[in-house]
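Novice: Sending over a structure as structure tokens; questions will come in a sec.
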Amino acid sequence: MRHITRRRFIQRGLGVGGTLLLPWPVRPVSGGKLAKYVEPLPVPGAGIVVAAPSGPNAYAFTQRQIYRQLHPDLAPTPLWAYDDGSGLAGQAGSFGMAVVAHSGIPLSVSFTHALPATYPEWLPVDTRLTPLGDQVRLMTHLHGGFVAADSDGNPAITPNGFGPGETQNVFYTNQQPQMPASLLWFHDHGLGATRLNVFAGLAAAYLLRDEFDTGTEPNPIGIPGGAYEIPLVMQDRQFNADGTFLYPTSDVPGLIWIGEYFGNVMLVNGKVWPFLEVEPRMYRLRILNGCNARILGLDIGGPALWQIGAEGGLFDVPVAVKRMVLAPAERSDVLVDFSKFAGQTLVMKNHKAQKPVSNPAPQLETVMQIRVGTTITHQGPDTIPWSLPGRKADLPNPVTTRYITLNEIDPGETDWYLNLNGVRFDARPTTEIPRVGTVEDWVYINMTGDTHPMHMHLVTFQVIGRTPFDVEAYEAAYGGPNGVPGGIDPTPFATGPMIPAEPEERGFKETVKANPGYFTRIRAKFDLPTGVTAPQTYVYHCHVLEHEDNDMMRPFTVLS
Ligand SMILES: [Cu+2]
């Protein structure tokens, strides 16, 4: 096994290197040339469609291609979208759909594939990774959902996904306490093509409300609601001159797949570098990192950020955060008070990851502009609440600890791939087999040079902490041609004490940053939804979509 630092490969996946090999005669648009802050941020009801039900507690979506102009200087971009039956006239950009659901009330949802049968040129499929070659196979996953395996959108259950004309029918429990008020999202999870299907637009918001966190203004728990609650979904992109999204192919001979996709333009809610007009009062921002591979480090300049929740819903108390570091799929529920910034123009910026977080993304500093007005229509709360009706993650001691290695094999070579536990996604047997109702610790042992956002289906978890360790010594002791196998406790190789979870990791999460040089311990209780009987099989994986597709994903089975 060769050890090559990822730094050598920063150029891979960037516009210039990849575009030299593009088979069609278009040139990339220089991201920096697009004027910033020329279009308003799409919000629910104005650029983002709030999905209309197809019946009582039921939604019927069709995945289809639409065209939207994402910036006045760009040609319309072909997008893959979830259509609720409205025709999507209300979708302004490349991110345009939100389901609003209520905790405790289940939904029946269907997704019907009405996209092209095969991949268009602007989506460079790598047929080594897909189950059926260049066929577009779809499968929607409710990210953060507590559902039966066959409603999960789960490549261990339905590896071939769904083809043109086929419909995926799912049942989303919205069961309490596993699914409290929170911002989830649903996105495509097609095996070996998640990076392309999500990149093309197949991602949407799923907002769960409950009797406390109603989303109305005023929200009964003392936080902003209504028009003062704004979802912010960041997705970095490159563009071709014809308006299509640019997804480069590898400059490694014989390879199409790239190790990470990074854009040179930031889209927020599906528009290029938008602006948002706010009143000088308190707002609630629901931030989702929807990038394929970029880790974000966000601030707004002046106003303080108070995080009140994460993937698993509200915290018990707010946490002050200077810079919001979000890896792909991580969410942050944030209160920001603009009352002292009346008349000012602020810029949300993205800063490069700082140690121990590591991400090879080239700099993309600007996210969006925030224009603070001078008049208030509705007076909001004037203080950050000192308590919230949410949860601090605090699970009992585990019955088992599982040791899971994160390996990268032959980076820069034709057979470059990543894995968990030294085996591919479909290798038998399934080794992670928790008993239903039990608590387990999972330890993610990062053997690579970068942070991997490790996501688990079915469960939310408590982050216990991260322990520095001697990666080389652990690998020298146990490594093989496919990395270090799973199941080996790295504690003897620790080089310092465990660093406990960060303050903003106090709540339940389902995606955790596994940083290089550390092993990261999380704790989860493996319940199943009411009426669902074991065994049930799910997946866990890195949420860098390029990694997940090749092959940093494994099944786990909840046994009776
Ligand atoms: Cu990864």
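Following the order of the structure tokens, chains are lettered A, B, ..., residues in each are numbered from 1, and ligands are numbered from 1.
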Step one, run DSSP on the backbone; step two, keep only residues of region 60-177 of chain A assigned to strand (DSSP E or B); then write them as a PyMOL selection string.
Specialist: chain A and resi 60-68+77-83+91+97-102+107-113+118+135+138+140-143+162+167-172
Novice: Could you turn the residues from that selection into a file that holds N, CA and C atoms, as a compact mmCIF listing (two decimals), in the first residue's frame?
Specialist:
```txt
# COMPACT_ATOMS: atom_id res chain seq x y z
N ALA A 60 -46.40 12.80 -3.76
CA ALA A 60 -46.00 12.04 -4.95
C ALA A 60 -45.07 12.92 -5.78
N PHE A 61 -43.80 12.54 -5.79
CA PHE A 61 -42.81 13.31 -6.54
C PHE A 61 -42.44 12.60 -7.84
N THR A 62 -42.11 13.41 -8.82
CA THR A 62 -41.54 12.89 -10.06
C THR A 62 -40.17 13.53 -10.23
N GLN A 63 -39.16 12.69 -10.47
CA GLN A 63 -37.84 13.25 -10.76
C GLN A 63 -37.79 13.54 -12.25
N ARG A 64 -37.58 14.81 -12.58
CA ARG A 64 -37.52 15.16 -14.00
C ARG A 64 -36.56 16.30 -14.24
N GLN A 65 -36.24 16.52 -15.50
CA GLN A 65 -35.28 17.56 -15.85
C GLN A 65 -35.99 18.87 -16.11
N ILE A 66 -35.46 19.94 -15.52
CA ILE A 66 -35.95 21.29 -15.79
C ILE A 66 -34.75 22.17 -16.13
N TYR A 67 -35.04 23.38 -16.58
CA TYR A 67 -33.97 24.34 -16.86
C TYR A 67 -34.20 25.58 -16.00
N ARG A 68 -33.17 26.05 -15.36
CA ARG A 68 -33.28 27.30 -14.59
C ARG A 68 -32.01 28.12 -14.82
N THR A 77 -29.55 26.39 -16.99
CA THR A 77 -28.85 25.17 -16.60
C THR A 77 -29.83 24.01 -16.54
N PRO A 78 -29.56 22.90 -17.24
CA PRO A 78 -30.41 21.73 -17.05
C PRO A 78 -30.19 21.15 -15.65
N LEU A 79 -31.29 20.85 -14.98
CA LEU A 79 -31.27 20.38 -13.60
C LEU A 79 -32.15 19.17 -13.46
N TRP A 80 -31.82 18.34 -12.49
CA TRP A 80 -32.69 17.25 -12.12
C TRP A 80 -33.40 17.64 -10.84
N ALA A 81 -34.73 17.60 -10.88
CA ALA A 81 -35.51 18.18 -9.79
C ALA A 81 -36.58 17.20 -9.32
N TYR A 82 -37.04 17.41 -8.08
CA TYR A 82 -38.19 16.70 -7.55
C TYR A 82 -39.42 17.55 -7.79
N ASP A 83 -40.32 17.07 -8.62
CA ASP A 83 -41.55 17.80 -8.94
C ASP A 83 -42.69 17.23 -8.09
N GLN A 91 -39.99 27.13 -8.60
CA GLN A 91 -38.59 26.85 -8.30
C GLN A 91 -37.70 27.80 -9.08
N MET A 97 -37.08 22.60 -3.56
CA MET A 97 -38.23 21.87 -3.01
C MET A 97 -38.05 21.69 -1.51
N ALA A 98 -39.16 21.87 -0.77
CA ALA A 98 -39.14 21.62 0.67
C ALA A 98 -40.43 20.94 1.08
N VAL A 99 -40.30 19.84 1.82
CA VAL A 99 -41.46 19.19 2.44
C VAL A 99 -41.53 19.70 3.88
N VAL A 100 -42.72 20.10 4.31
CA VAL A 100 -42.91 20.46 5.71
C VAL A 100 -43.77 19.38 6.34
N ALA A 101 -43.21 18.66 7.30
CA ALA A 101 -43.88 17.54 7.93
C ALA A 101 -43.97 17.79 9.43
N HIS A 102 -44.78 16.98 10.11
CA HIS A 102 -44.98 17.15 11.55
C HIS A 102 -44.50 15.91 12.27
N LEU A 107 -45.74 9.91 6.89
CA LEU A 107 -46.05 10.27 5.51
C LEU A 107 -45.79 9.09 4.59
N SER A 108 -46.66 8.95 3.59
CA SER A 108 -46.40 8.04 2.48
C SER A 108 -45.93 8.89 1.30
N VAL A 109 -44.79 8.51 0.74
CA VAL A 109 -44.19 9.31 -0.32
C VAL A 109 -43.79 8.40 -1.47
N SER A 110 -43.98 8.90 -2.68
CA SER A 110 -43.53 8.15 -3.85
C SER A 110 -42.63 9.03 -4.71
N PHE A 111 -41.72 8.36 -5.41
CA PHE A 111 -40.79 9.03 -6.31
C PHE A 111 -40.80 8.27 -7.63
N THR A 112 -41.20 8.94 -8.69
CA THR A 112 -41.28 8.29 -10.01
C THR A 112 -40.21 8.88 -10.94
N HIS A 113 -39.44 7.98 -11.51
CA HIS A 113 -38.28 8.33 -12.34
C HIS A 113 -38.77 8.76 -13.73
N THR A 118 -30.33 7.32 -19.82
CA THR A 118 -28.87 7.22 -19.70
C THR A 118 -28.30 8.60 -19.37
N GLN A 135 -26.90 3.53 -17.32
CA GLN A 135 -28.32 3.78 -17.03
C GLN A 135 -28.47 4.66 -15.79
N LEU A 138 -32.15 5.59 -9.99
CA LEU A 138 -32.39 6.54 -8.90
C LEU A 138 -32.81 5.81 -7.63
N THR A 140 -34.14 7.48 -3.68
CA THR A 140 -34.18 8.63 -2.78
C THR A 140 -34.03 8.17 -1.34
N HIS A 141 -33.17 8.84 -0.63
CA HIS A 141 -32.91 8.55 0.79
C HIS A 141 -33.36 9.74 1.62
N LEU A 142 -34.16 9.48 2.66
CA LEU A 142 -34.49 10.53 3.62
C LEU A 142 -33.36 10.58 4.63
N HIS A 143 -32.53 11.61 4.49
CA HIS A 143 -31.31 11.72 5.28
C HIS A 143 -31.67 12.23 6.68
N PHE A 162 -33.94 2.41 -9.05
CA PHE A 162 -35.18 2.45 -9.83
C PHE A 162 -34.90 3.07 -11.20
N THR A 167 -41.41 3.49 -9.88
CA THR A 167 -41.74 4.32 -8.73
C THR A 167 -41.22 3.67 -7.46
N GLN A 168 -40.55 4.47 -6.66
CA GLN A 168 -40.11 4.06 -5.32
C GLN A 168 -41.16 4.54 -4.32
N ASN A 169 -41.75 3.61 -3.57
CA ASN A 169 -42.75 3.97 -2.56
C ASN A 169 -42.16 3.79 -1.17
N VAL A 170 -42.29 4.82 -0.36
CA VAL A 170 -41.68 4.77 0.97
C VAL A 170 -42.66 5.28 2.03
N PHE A 171 -42.36 4.90 3.27
CA PHE A 171 -43.17 5.31 4.42
C PHE A 171 -42.23 5.94 5.43
N TYR A 172 -42.42 7.24 5.65
CA TYR A 172 -41.57 7.98 6.58
C TYR A 172 -42.30 8.11 7.92
```
Novice: With ligand 1 as the partner and 8 Å as the cut-off, tabulate the residues of chain A that qualify, each row holding the nearest pair of atoms and their distance in Å to one decimal, using only C-alpha atoms and all ligand atoms, sorted by chain and rising number, as a tab-separated table.
Specialist:
```
residue	atom	partner	partner_atom_place_in_ligand_line	distance
A:Leu406	CA	ligand 1	1 (Cu)	7.9
A:Leu418	CA	ligand 1	1 (Cu)	7.6
A:Asp450	CA	ligand 1	1 (Cu)	7.6
A:Thr451	CA	ligand 1	1 (Cu)	6.8
A:His452	CA	ligand 1	1 (Cu)	4.0
A:Pro453	CA	ligand 1	1 (Cu)	6.3
A:Met454	CA	ligand 1	1 (Cu)	7.4
A:His541	CA	ligand 1	1 (Cu)	7.9
A:Cys542	CA	ligand 1	1 (Cu)	4.5
A:His543	CA	ligand 1	1 (Cu)	6.3
A:Val544	CA	ligand 1	1 (Cu)	4.9
A:Leu545	CA	ligand 1	1 (Cu)	7.7
A:Glu546	CA	ligand 1	1 (Cu)	7.7
A:His547	CA	ligand 1	1 (Cu)	4.8
A:Glu548	CA	ligand 1	1 (Cu)	6.9
A:Met552	CA	ligand 1	1 (Cu)	6.6
```
Novice: List as JSON lines every residue of region 418-470 of chain A that is in contact with region 514-517 of chain A, defined as an atom at most 10 Å from one of its atoms (using only C-alpha atoms), together with the nearest atom pair and the distance in Å rounded to one decimal, sorted by chain and then rising number.
Specialist:
```
{"residue": "A:Val443", "atom": "CA", "partner": "A:Ala514", "partner_atom": "CA", "distance": 9.4}
{"residue": "A:Tyr444", "atom": "CA", "partner": "A:Ala514", "partner_atom": "CA", "distance": 6.5}
{"residue": "A:Ile445", "atom": "CA", "partner": "A:Ala514", "partner_atom": "CA", "distance": 7.7}
{"residue": "A:Asn446", "atom": "CA", "partner": "A:Pro516", "partner_atom": "CA", "distance": 5.4}
{"residue": "A:Met447", "atom": "CA", "partner": "A:Pro516", "partner_atom": "CA", "distance": 6.9}
{"residue": "A:Thr448", "atom": "CA", "partner": "A:Pro516", "partner_atom": "CA", "distance": 6.1}
{"residue": "A:Gly449", "atom": "CA", "partner": "A:Pro516", "partner_atom": "CA", "distance": 5.3}
{"residue": "A:Asp450", "atom": "CA", "partner": "A:Pro516", "partner_atom": "CA", "distance": 5.4}
{"residue": "A:Thr451", "atom": "CA", "partner": "A:Asn515", "partner_atom": "CA", "distance": 4.3}
{"residue": "A:His452", "atom": "CA", "partner": "A:Ala514", "partner_atom": "CA", "distance": 5.2}
{"residue": "A:Pro453", "atom": "CA", "partner": "A:Ala514", "partner_atom": "CA", "distance": 6.0}
{"residue": "A:Met454", "atom": "CA", "partner": "A:Ala514", "partner_atom": "CA", "distance": 6.6}
{"residue": "A:Arg466", "atom": "CA", "partner": "A:Ala514", "partner_atom": "CA", "distance": 8.1}
{"residue": "A:Thr467", "atom": "CA", "partner": "A:Gly517", "partner_atom": "CA", "distance": 8.3}
{"residue": "A:Pro468", "atom": "CA", "partner": "A:Gly517", "partner_atom": "CA", "distance": 5.7}
{"residue": "A:Phe469", "atom": "CA", "partner": "A:Gly517", "partner_atom": "CA", "distance": 6.0}
{"residue": "A:Asp470", "atom": "CA", "partner": "A:Gly517", "partner_atom": "CA", "distance": 7.2}
```
Novice: Which neighbours of Leu335 (chain A) fall inside 10 Å, counting only C-alpha atoms, when residues of the same chain fewer than 6 positions from it are skipped, and could you give them as an mmCIF file with N, CA and C atoms, in the first residue's frame?
Specialist:
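Just written: part.cif:
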```cif
data_model
loop_
_atom_site.group_PDB
_atom_site.id
_atom_site.type_symbol
_atom_site.label_atom_id
_atom_site.label_comp_id
_atom_site.auth_asym_id
_atom_site.auth_seq_id
_atom_site.Cartn_x
_atom_site.Cartn_y
_atom_site.Cartn_z
ATOM 1 N N ILE A 223 -38.114 31.794 19.717
ATOM 2 C CA ILE A 223 -37.159 31.998 18.622
ATOM 3 C C ILE A 223 -37.924 32.439 17.379
ATOM 4 N N PRO A 224 -37.231 33.027 16.419
ATOM 5 C CA PRO A 224 -37.927 33.533 15.236
ATOM 6 C C PRO A 224 -38.553 32.416 14.399
ATOM 7 N N GLU A 229 -37.325 32.828 9.598
ATOM 8 C CA GLU A 229 -36.598 31.561 9.609
ATOM 9 C C GLU A 229 -36.199 31.257 8.173
ATOM 10 N N MET A 282 -33.810 39.621 15.171
ATOM 11 C CA MET A 282 -33.260 38.276 15.251
ATOM 12 C C MET A 282 -33.825 37.378 14.152
ATOM 13 N N TYR A 283 -32.962 36.536 13.608
ATOM 14 C CA TYR A 283 -33.332 35.547 12.598
ATOM 15 C C TYR A 283 -32.885 34.150 13.034
ATOM 16 N N ARG A 284 -33.538 33.172 12.435
ATOM 17 C CA ARG A 284 -33.129 31.774 12.591
ATOM 18 C C ARG A 284 -32.679 31.268 11.237
ATOM 19 N N LEU A 285 -31.434 30.826 11.134
ATOM 20 C CA LEU A 285 -30.893 30.285 9.898
ATOM 21 C C LEU A 285 -30.764 28.774 10.038
ATOM 22 N N ARG A 286 -31.285 28.060 9.053
ATOM 23 C CA ARG A 286 -31.181 26.590 9.051
ATOM 24 C C ARG A 286 -30.179 26.213 7.974
ATOM 25 N N PRO A 303 -22.158 39.830 13.455
ATOM 26 C CA PRO A 303 -23.074 39.244 14.435
ATOM 27 C C PRO A 303 -22.603 37.891 14.963
ATOM 28 N N ALA A 304 -22.888 37.651 16.239
ATOM 29 C CA ALA A 304 -22.572 36.365 16.844
ATOM 30 C C ALA A 304 -23.499 35.291 16.300
ATOM 31 N N LEU A 305 -23.004 34.068 16.249
ATOM 32 C CA LEU A 305 -23.804 32.913 15.849
ATOM 33 C C LEU A 305 -24.104 32.090 17.100
ATOM 34 N N TRP A 306 -25.389 31.837 17.312
ATOM 35 C CA TRP A 306 -25.804 30.979 18.430
ATOM 36 C C TRP A 306 -26.419 29.722 17.857
ATOM 37 N N GLN A 307 -25.731 28.598 18.030
ATOM 38 C CA GLN A 307 -26.260 27.351 17.488
ATOM 39 C C GLN A 307 -27.249 26.751 18.481
ATOM 40 N N ILE A 308 -28.440 26.436 17.991
ATOM 41 C CA ILE A 308 -29.487 25.885 18.856
ATOM 42 C C ILE A 308 -29.847 24.449 18.492
ATOM 43 N N GLY A 309 -29.225 23.905 17.447
ATOM 44 C CA GLY A 309 -29.535 22.525 17.095
ATOM 45 C C GLY A 309 -28.616 22.037 15.999
ATOM 46 N N PRO A 318 -28.562 26.955 23.980
ATOM 47 C CA PRO A 318 -27.802 27.474 22.832
ATOM 48 C C PRO A 318 -26.294 27.438 23.095
ATOM 49 N N VAL A 319 -25.532 27.382 22.002
ATOM 50 C CA VAL A 319 -24.070 27.330 22.084
ATOM 51 C C VAL A 319 -23.521 28.437 21.171
ATOM 52 N N ALA A 320 -22.661 29.295 21.725
ATOM 53 C CA ALA A 320 -22.043 30.341 20.910
ATOM 54 C C ALA A 320 -20.972 29.717 20.020
ATOM 55 N N ILE A 384 -31.464 35.869 23.204
ATOM 56 C CA ILE A 384 -31.282 34.446 22.888
ATOM 57 C C ILE A 384 -31.856 33.657 24.065
ATOM 58 N N PRO A 385 -32.761 32.700 23.826
ATOM 59 C CA PRO A 385 -33.329 31.961 24.965
ATOM 60 C C PRO A 385 -32.238 31.201 25.719
#
```
Novice: Of the residues A:Thr345, A:Asn350, A:Thr491, A:Thr216, which is the one nearest to Tyr228 (chain A), using only C-alpha atoms?
Specialist: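 With only C-alpha atoms as the atom set, the closest residue is A:Thr216.
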Novice: Work out how far CA of Arg209 (chain A) is from CA of Gly104 (chain A), in Å to one decimal.
Specialist: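 Between CA of Gly104 (chain A) and CA of Arg209 (chain A) the gap works out to 9.3 Å.
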Novice: One number please: CA of Ile433 (chain A) to CA of Arg554 (chain A), in Å, one decimal.
Specialist: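 CA of Arg554 (chain A) lies 11.5 Å from CA of Ile433 (chain A).
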Novice: Report the distance between CA of Gln536 (chain A) and CA of Pro429 (chain A) in Å, rounded to one decimal place.
Specialist: 14.8 Å
